[in-house]
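Source file: my_file_21.csv. Holds: CSV, C-alpha atoms and all ligand atoms.
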```
chain,number,residue,atom,x,y,z
O,105,MET,CA,0.0,0.0,0.0
O,106,ILE,CA,1.2,3.5,-0.8
O,107,TYR,CA,0.8,6.0,2.0
O,108,SER,CA,0.6,9.7,1.5
O,109,HIS,CA,1.0,12.6,4.0
O,110,GLU,CA,-0.5,16.0,3.4
O,111,PRO,CA,2.3,18.4,4.6
O,112,VAL,CA,1.1,21.1,7.0
O,113,LEU,CA,2.0,24.8,6.5
O,114,LEU,CA,4.1,23.9,3.5
O,115,SER,CA,4.4,27.2,1.7
O,116,GLU,CA,4.6,29.2,4.9
O,117,SER,CA,7.5,27.1,6.2
O,118,LEU,CA,9.4,27.2,3.0
O,119,THR,CA,9.0,31.0,2.6
O,120,ASN,CA,10.5,31.5,6.0
O,121,LEU,CA,13.1,28.7,5.9
O,122,LEU,CA,14.7,29.1,2.5
O,123,VAL,CA,16.6,32.3,2.9
O,124,ASP,CA,19.4,31.3,0.5
O,125,LYS,CA,18.4,29.0,-2.4
O,126,SER,CA,22.0,27.8,-2.8
O,127,GLY,CA,22.3,27.0,0.9
O,128,SER,CA,22.3,23.8,2.9
O,129,TYR,CA,19.2,22.6,4.8
O,130,LEU,CA,18.3,19.9,7.2
O,131,ASP,CA,14.8,18.4,7.4
O,132,CYS,CA,14.8,16.6,10.8
O,133,THR,CA,11.4,14.9,10.2
O,134,PHE,CA,11.4,13.4,6.7
O,135,GLY,CA,8.2,11.4,7.2
O,136,LEU,CA,6.8,10.8,3.7
O,137,GLY,CA,9.0,13.5,2.3
O,138,GLY,CA,6.3,16.2,1.8
O,139,HIS,CA,8.5,19.1,3.0
O,140,SER,CA,11.7,17.6,1.8
O,141,LYS,CA,10.5,17.3,-1.8
O,142,LYS,CA,9.2,20.8,-1.8
O,143,ILE,CA,12.5,22.2,-0.4
O,144,LEU,CA,14.3,20.4,-3.2
O,145,GLU,CA,12.0,21.9,-5.8
O,146,ASN,CA,12.8,25.3,-4.5
O,147,LEU,CA,16.6,25.0,-4.1
O,148,SER,CA,18.9,26.0,-6.9
O,149,SER,CA,21.2,23.5,-8.5
O,150,ASP,CA,24.0,24.1,-5.9
O,151,GLY,CA,21.7,23.9,-2.9
O,152,LEU,CA,21.8,20.8,-0.6
O,153,LEU,CA,19.2,19.0,1.5
O,154,TYR,CA,19.9,16.6,4.3
O,155,SER,CA,17.0,14.7,5.8
O,156,ILE,CA,16.7,12.4,8.8
O,157,ASP,CA,14.0,10.4,10.4
O,158,LYS,CA,14.1,7.8,13.2
O,159,ASP,CA,11.5,5.5,11.6
O,160,ILE,CA,13.3,2.9,9.4
O,161,GLU,CA,10.2,2.4,7.4
O,162,VAL,CA,10.5,5.8,5.7
O,163,LYS,CA,13.9,4.8,4.2
O,164,LYS,CA,12.2,3.3,1.2
O,165,TYR,CA,10.3,6.6,0.5
O,166,ALA,CA,13.5,8.6,0.8
O,167,HIS,CA,15.2,6.3,-1.6
O,168,LEU,CA,12.6,7.1,-4.2
O,169,ILE,CA,14.0,10.7,-4.4
O,170,LYS,CA,16.7,10.5,-7.0
O,171,ASP,CA,18.4,13.9,-6.7
O,172,LYS,CA,22.2,14.5,-6.2
O,173,ARG,CA,21.4,17.4,-3.9
O,174,PHE,CA,19.6,15.1,-1.5
O,175,ASN,CA,21.0,13.0,1.3
O,176,PHE,CA,19.0,10.9,3.8
O,177,GLN,CA,19.9,8.9,6.9
O,178,ILE,CA,18.1,7.3,9.8
O,179,SER,CA,18.9,9.3,12.9
O,180,THR,CA,17.3,11.2,15.7
O,181,PHE,CA,17.0,14.9,16.8
O,182,SER,CA,19.4,14.4,19.7
O,183,LYS,CA,22.2,13.3,17.4
O,184,ILE,CA,22.2,16.0,14.8
O,185,SER,CA,25.0,18.0,16.3
O,186,LYS,CA,27.2,14.9,16.1
O,187,ILE,CA,26.3,14.1,12.5
O,188,PHE,CA,26.5,17.6,11.0
O,189,GLU,CA,29.2,20.2,11.3
O,190,LYS,CA,28.8,23.2,13.5
O,191,LYS,CA,27.6,26.3,11.6
O,192,SER,CA,27.0,24.3,8.4
O,193,MET,CA,23.3,24.8,7.8
O,194,ASN,CA,21.2,27.7,6.4
O,195,GLY,CA,18.0,26.3,7.8
O,196,VAL,CA,16.7,23.4,10.0
O,197,LEU,CA,13.1,22.2,9.9
O,198,PHE,CA,11.1,20.2,12.5
O,199,ASP,CA,7.6,19.1,11.5
O,200,LEU,CA,6.7,17.3,14.8
O,201,GLY,CA,4.2,14.5,15.5
O,202,VAL,CA,3.1,11.5,13.6
O,203,SER,CA,3.1,10.9,9.8
O,204,SER,CA,0.2,9.3,8.0
O,205,LEU,CA,2.4,6.3,7.3
O,206,GLN,CA,2.5,5.7,11.1
O,207,LEU,CA,-1.1,6.7,11.8
O,208,ASP,CA,-2.7,4.8,9.0
O,209,LYS,CA,-0.9,1.5,9.5
O,210,ALA,CA,-2.8,-0.4,12.1
O,211,GLU,CA,0.1,-2.6,13.2
O,212,ARG,CA,2.1,0.5,14.2
O,213,GLY,CA,-0.4,1.0,17.0
O,214,PHE,CA,-0.6,4.8,16.9
O,215,SER,CA,-4.4,5.2,16.2
O,216,PHE,CA,-7.4,4.2,18.3
O,217,MET,CA,-9.4,4.3,15.0
O,218,ARG,CA,-7.5,1.2,13.8
O,219,ASN,CA,-7.1,-2.1,15.7
O,220,GLY,CA,-3.5,-3.2,15.9
O,221,THR,CA,-0.7,-4.1,18.3
O,222,LEU,CA,-0.1,-1.5,20.9
O,223,ASP,CA,3.4,-0.4,19.7
O,224,MET,CA,3.6,3.4,19.0
O,225,ARG,CA,7.4,3.5,18.6
O,226,PHE,CA,8.7,5.8,15.9
O,227,ASP,CA,11.7,3.5,15.7
O,228,ASN,CA,10.1,0.1,16.1
O,229,THR,CA,13.4,-1.7,16.2
O,230,SER,CA,14.4,-0.6,19.7
O,231,GLY,CA,13.0,0.6,23.1
O,232,MET,CA,9.9,-0.3,25.0
O,233,SER,CA,6.5,-0.6,23.2
O,234,ALA,CA,3.3,1.0,24.4
O,235,LYS,CA,2.0,-2.5,25.2
O,236,ASP,CA,5.0,-3.3,27.5
O,237,TRP,CA,4.8,0.0,29.2
O,238,ILE,CA,1.0,0.1,29.8
O,239,ASN,CA,1.0,-3.4,31.2
O,240,THR,CA,3.8,-2.8,33.7
O,241,ALA,CA,3.9,0.9,34.7
O,242,PRO,CA,2.8,1.9,38.2
O,243,GLU,CA,-0.6,3.7,38.4
O,244,LYS,CA,1.0,7.0,39.4
O,245,GLU,CA,3.4,6.9,36.4
O,246,ILE,CA,0.5,6.3,34.1
O,247,ALA,CA,-1.5,9.2,35.6
O,248,ASP,CA,1.5,11.5,35.3
O,249,VAL,CA,2.1,10.6,31.7
O,250,LEU,CA,-1.5,11.2,30.8
O,251,TYR,CA,-1.6,14.5,32.7
O,252,TYR,CA,1.7,16.1,31.6
O,253,PHE,CA,2.1,14.6,28.1
O,254,GLY,CA,-1.5,14.0,27.1
O,255,GLU,CA,-2.9,17.0,29.0
O,256,GLU,CA,-5.7,14.7,30.1
O,257,ARG,CA,-7.7,16.2,33.1
O,258,ARG,CA,-9.1,12.8,34.1
O,259,SER,CA,-5.6,11.3,34.2
O,260,ARG,CA,-6.0,9.6,37.7
O,261,GLN,CA,-9.4,8.2,36.8
O,262,TYR,CA,-7.9,6.8,33.5
O,263,ALA,CA,-4.9,5.3,35.2
O,264,LYS,CA,-7.2,3.5,37.7
O,265,LYS,CA,-9.2,2.1,34.9
O,266,ILE,CA,-6.1,0.8,33.1
O,267,ILE,CA,-4.7,-0.8,36.2
O,268,SER,CA,-8.0,-2.5,36.9
O,269,ALA,CA,-8.4,-3.7,33.3
O,270,ARG,CA,-4.9,-5.2,33.1
O,271,LYS,CA,-5.5,-7.3,36.2
O,272,ASP,CA,-8.0,-9.3,34.1
O,273,SER,CA,-6.0,-9.6,30.9
O,274,GLU,CA,-3.1,-8.0,29.2
O,275,ILE,CA,-3.9,-4.8,27.2
O,276,ASP,CA,-2.3,-5.8,24.0
O,277,SER,CA,-4.2,-4.0,21.2
O,278,THR,CA,-5.3,-0.4,20.4
O,279,LYS,CA,-8.9,-1.6,20.5
O,280,LYS,CA,-8.6,-3.1,24.0
O,281,LEU,CA,-7.1,0.1,25.3
O,282,SER,CA,-9.5,2.5,23.6
O,283,ASP,CA,-12.6,0.3,24.4
O,284,LEU,CA,-12.0,1.2,28.1
O,285,PHE,CA,-13.0,4.8,27.2
O,286,THR,CA,-15.9,4.6,24.8
O,287,LYS,CA,-17.2,7.7,23.2
O,288,LYS,CA,-20.6,9.1,24.4
O,289,GLY,CA,-22.9,10.7,21.8
O,290,PHE,CA,-22.4,14.2,23.0
O,291,GLN,CA,-18.6,14.1,23.1
O,292,LYS,CA,-16.9,16.0,20.2
O,293,LYS,CA,-13.5,14.3,20.8
O,294,HIS,CA,-12.9,10.6,21.4
O,295,PRO,CA,-12.0,10.2,25.1
O,296,ALA,CA,-8.9,8.1,24.1
O,297,THR,CA,-7.4,11.0,22.1
O,298,ASN,CA,-5.3,12.5,24.8
O,299,LEU,CA,-4.6,9.1,26.3
O,300,PHE,CA,-3.0,7.9,23.0
O,301,ARG,CA,-1.0,11.1,22.5
O,302,GLY,CA,0.3,11.0,26.1
O,303,ILE,CA,1.5,7.4,25.7
O,304,ARG,CA,3.1,8.1,22.3
O,305,ILE,CA,5.0,11.1,23.7
O,306,LYS,CA,6.2,8.9,26.6
O,307,ILE,CA,7.2,5.9,24.5
O,308,ASN,CA,9.2,8.0,22.1
O,309,ASN,CA,10.7,10.3,24.7
O,310,GLU,CA,9.4,13.1,22.5
O,311,PHE,CA,9.9,16.1,24.7
O,312,GLU,CA,13.5,15.3,25.7
O,313,GLU,CA,14.3,14.6,22.1
O,314,LEU,CA,12.7,17.9,21.0
O,315,LYS,CA,14.6,19.9,23.6
O,316,LYS,CA,17.9,18.3,22.6
O,317,GLY,CA,17.1,18.7,18.9
O,318,LEU,CA,16.4,22.4,19.3
O,319,ILE,CA,19.7,23.0,21.2
O,320,SER,CA,21.6,20.9,18.7
O,321,SER,CA,20.0,22.7,15.7
O,322,VAL,CA,21.3,26.1,16.7
O,323,GLU,CA,24.8,24.7,17.0
O,324,ILE,CA,24.7,23.5,13.4
O,325,LEU,CA,23.1,26.7,12.0
O,326,LYS,CA,25.1,29.4,10.4
O,327,ASN,CA,24.8,33.1,11.3
O,328,LYS,CA,21.4,34.3,9.9
O,329,GLY,CA,20.3,30.6,9.6
O,330,ILE,CA,16.7,29.8,10.2
O,331,LEU,CA,15.2,27.4,12.8
O,332,ALA,CA,11.6,26.4,11.8
O,333,VAL,CA,9.4,24.2,14.0
O,334,ILE,CA,5.8,23.1,13.4
O,335,SER,CA,4.1,21.8,16.5
O,336,PHE,CA,0.6,20.3,16.9
O,337,HIS,CA,-0.5,20.7,20.5
O,338,SER,CA,0.0,23.1,23.4
O,339,SER,CA,2.5,21.1,25.5
O,340,GLU,CA,4.7,20.7,22.4
O,341,ASP,CA,4.4,24.3,21.4
O,342,ARG,CA,5.2,25.5,24.9
O,343,ILE,CA,8.6,23.9,24.7
O,344,VAL,CA,9.2,25.5,21.3
O,345,LYS,CA,7.9,28.9,22.4
O,346,ASN,CA,9.9,29.0,25.6
O,347,PHE,CA,13.0,28.0,23.7
O,348,PHE,CA,12.6,30.7,21.1
O,349,ARG,CA,11.8,33.4,23.6
O,350,ARG,CA,14.5,32.7,26.2
O,351,ASP,CA,17.8,34.5,26.1
O,352,TYR,CA,19.8,32.2,24.0
O,353,LEU,CA,22.9,32.4,26.1
O,354,ASP,CA,21.2,30.0,28.5
O,355,PHE,CA,21.8,27.2,26.0
O,356,VAL,CA,24.6,27.9,23.7
O,357,GLU,CA,27.1,30.6,24.5
O,358,GLY,CA,27.2,33.4,22.0
O,359,ILE,CA,24.0,32.6,20.1
O,360,ARG,CA,20.7,34.4,20.0
O,361,LEU,CA,17.4,33.9,18.1
O,362,LYS,CA,15.8,37.0,16.6
O,363,ASN,CA,13.1,37.9,14.2
O,364,LEU,CA,10.7,35.4,15.7
O,365,VAL,CA,7.7,34.6,13.5
O,366,LYS,CA,4.5,32.6,14.5
O,367,ILE,CA,2.1,31.4,11.9
O,368,LYS,CA,-1.1,29.4,12.0
O,369,PRO,CA,-2.8,27.6,9.1
O,370,SER,CA,-5.3,29.5,7.0
O,371,GLU,CA,-9.0,28.6,7.3
O,372,GLU,CA,-8.7,27.1,3.8
O,373,GLU,CA,-5.9,24.8,4.9
O,374,LYS,CA,-7.8,23.8,8.1
O,375,LEU,CA,-10.8,22.8,6.0
O,376,CYS,CA,-8.8,20.8,3.4
O,377,ASN,CA,-6.4,19.2,5.9
O,378,PRO,CA,-8.0,18.7,9.4
O,379,ARG,CA,-4.7,17.5,10.8
O,380,SER,CA,-3.4,21.1,10.4
O,381,ARG,CA,-6.1,22.5,12.7
O,382,SER,CA,-3.9,22.9,15.8
O,383,ALA,CA,-0.6,23.4,14.0
O,384,ILE,CA,1.7,26.4,14.8
O,385,LEU,CA,4.8,27.2,12.8
O,386,ARG,CA,7.5,29.2,14.7
O,387,THR,CA,10.6,30.4,13.1
O,388,GLY,CA,13.6,32.3,14.3
O,389,GLU,CA,16.9,33.6,12.9
O,390,ILE,CA,20.2,32.8,14.4
O,391,GLU,CA,22.5,35.6,15.4
O,392,TYR,CA,26.0,35.0,16.6
O,393,VAL,CA,27.0,37.6,19.2
O,394,SER,CA,30.6,38.1,20.4
I,1,LIG,C1,4.7,14.7,11.0
I,1,LIG,S1,5.8,13.6,10.4
I,1,LIG,C2,6.7,14.5,9.2
I,1,LIG,C3,6.0,14.6,7.9
I,1,LIG,C4,6.8,15.2,6.8
I,1,LIG,N1,7.1,16.6,7.0
I,1,LIG,C5,6.1,15.1,5.5
I,1,LIG,O1,5.6,16.2,4.9
I,1,LIG,O2,5.9,14.0,5.0
I,1,LIG,C6,7.0,13.5,11.7
I,1,LIG,C7,8.1,12.5,11.5
I,1,LIG,O3,9.1,12.8,12.5
I,1,LIG,C8,9.7,11.6,12.9
I,1,LIG,N2,10.3,11.8,14.2
I,1,LIG,C9,9.7,12.0,15.3
I,1,LIG,N3,10.5,12.1,16.3
I,1,LIG,C10,11.8,12.0,15.8
I,1,LIG,C11,13.1,12.1,16.3
I,1,LIG,N4,13.3,12.4,17.6
I,1,LIG,N5,14.2,12.0,15.5
I,1,LIG,C12,13.9,11.8,14.2
I,1,LIG,N6,12.7,11.7,13.6
I,1,LIG,C13,11.6,11.8,14.4
I,1,LIG,C14,8.6,10.6,12.8
I,1,LIG,O4,9.1,9.3,12.7
I,1,LIG,C15,7.8,11.1,11.6
I,1,LIG,O5,8.1,10.4,10.5
```

Serialized structure, structure tokens:
Amino acid sequence: MIYSHEPVLLSESLTNLLVDKSGSYLDCTFGLGGHSKKILENLSSDGLLYSIDKDIEVKKYAHLIKDKRFNFQISTFSKISKIFEKKSMNGVLFDLGVSSLQLDKAERGFSFMRNGTLDMRFDNTSGMSAKDWINTAPEKEIADVLYYFGEERRSRQYAKKIISARKDSEIDSTKKLSDLFTKKGFQKKHPATNLFRGIRIKINNEFEELKKGLISSVEILKNKGILAVISFHSSEDRIVKNFFRRDYLDFVEGIRLKNLVKIKPSEEEKLCNPRSRSAILRTGEIEYVS
């Protein structure tokens, strides 16, 4: 099956990111290549694009791009300052969250709309799956993950329900987990929405990875280089916003971020691509100060 992913805030991110069409760029979230392909289309013949993703499944999609200016490797946000040279990039892009490839494939376990193994790992070759975690984690840890990562107000109640259910039998599928929280007619949002997001963030250590990725990205950006980040929910955006606003010297000596831009999708984009509804693009320009 061929999966496709509708890239969010595509023209807005490119307009702000591509300051020098002959420059070098890094797309930290290749996914199905929506942003990467468009960056390549807009770069001149001497521009360069490096892309990474931690999901080994996306490799086959990256290999479909036959372009001498393009370079892909499997890696993670936290490693970019080790892979790429300091002050080598004109722009770095993060399009956070899950790709359609991950969401639409039931066996990856990201969606409560599709029954599959409870996995949820971006890199499904290493680390703990959601199934292993949800069946072994203490009640307080589950409640904390749902509260802090999933922003679920009923986190304690949810954690209690999970602990009680797993006493009867292992929670080993997305359906078994989401069936614990069935949707009532009047509810707009499925009650498992925040639950699934919280678990996904925990399983992939997303917030720590994001913080390390942001710090590393400014190390590899040139003076006047652009950092662009698209986030999809408030706890994710809070990390990006605080990072952009804070005096930069806290993180990397001698570097500041200026000309901060915040963009939300147009009404038209929200209508055509519901996944974009909560998206926020933030960009900032690197300035080296002596
Ligand atoms: C929303 S998708 C990107 C979609 C892409 N921009 C497109 O248009 O097709 C996010 C991607 O980031 C990847 N990802 C998430 N966390 C990562 C990390 N810490 N390091 C590398 N890739 C990561 C996921 O595996 C996923 O493929």

Do you know which residues are within 6 Å of ligand LIG 1 (chain I) using only C-alpha atoms and all ligand atoms? Can you write them as a compact mmCIF listing (two decimals) with C-alpha atoms, in the coordinates of the input?
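And here's out_22.txt as it stands now:
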```txt
# COMPACT_ATOMS: atom_id res chain seq x y z
CA HIS O 109 1.00 12.60 4.00
CA PRO O 111 2.30 18.40 4.60
CA CYS O 132 14.80 16.60 10.80
CA THR O 133 11.40 14.90 10.20
CA PHE O 134 11.40 13.40 6.70
CA GLY O 135 8.20 11.40 7.20
CA LEU O 136 6.80 10.80 3.70
CA GLY O 137 9.00 13.50 2.30
CA GLY O 138 6.30 16.20 1.80
CA HIS O 139 8.50 19.10 3.00
CA ASP O 157 14.00 10.40 10.40
CA LYS O 158 14.10 7.80 13.20
CA ASP O 159 11.50 5.50 11.60
CA SER O 179 18.90 9.30 12.90
CA THR O 180 17.30 11.20 15.70
CA PHE O 181 17.00 14.90 16.80
CA ASP O 199 7.60 19.10 11.50
CA LEU O 200 6.70 17.30 14.80
CA GLY O 201 4.20 14.50 15.50
CA VAL O 202 3.10 11.50 13.60
CA SER O 203 3.10 10.90 9.80
CA PHE O 226 8.70 5.80 15.90
CA GLU O 313 14.30 14.60 22.10
```

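The point (6.4, -0.1, 21.2) has these residues within 6 Å of it, counting all atoms listed in the file: O:Asp223, O:Met224, O:Arg225, O:Met232, O:Ser233, O:Ala234.
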
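Candidate residues O:Met193, O:Ile238, O:Val393, O:Leu385 were compared for distance to O:Lys271, and the nearest is O:Ile238, using only C-alpha atoms.
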
Give me, as JSON, numbers by chain, all polymer residues having an atom no more than 6 Å from O:Gly195, counting only C-alpha atoms and skipping those fewer than 6 positions away in the same chain. {"O": [121, 129, 329, 330, 331]}

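The smallest atom-to-atom distance between O:Asp283 and any of O:Lys183, O:Arg218, O:Arg301, O:Arg350, using all atoms listed in the file, is found for O:Arg218.
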
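Here atom CA of O:Phe300 stands at a distance of 18.7 Å from atom CA of O:Leu314.
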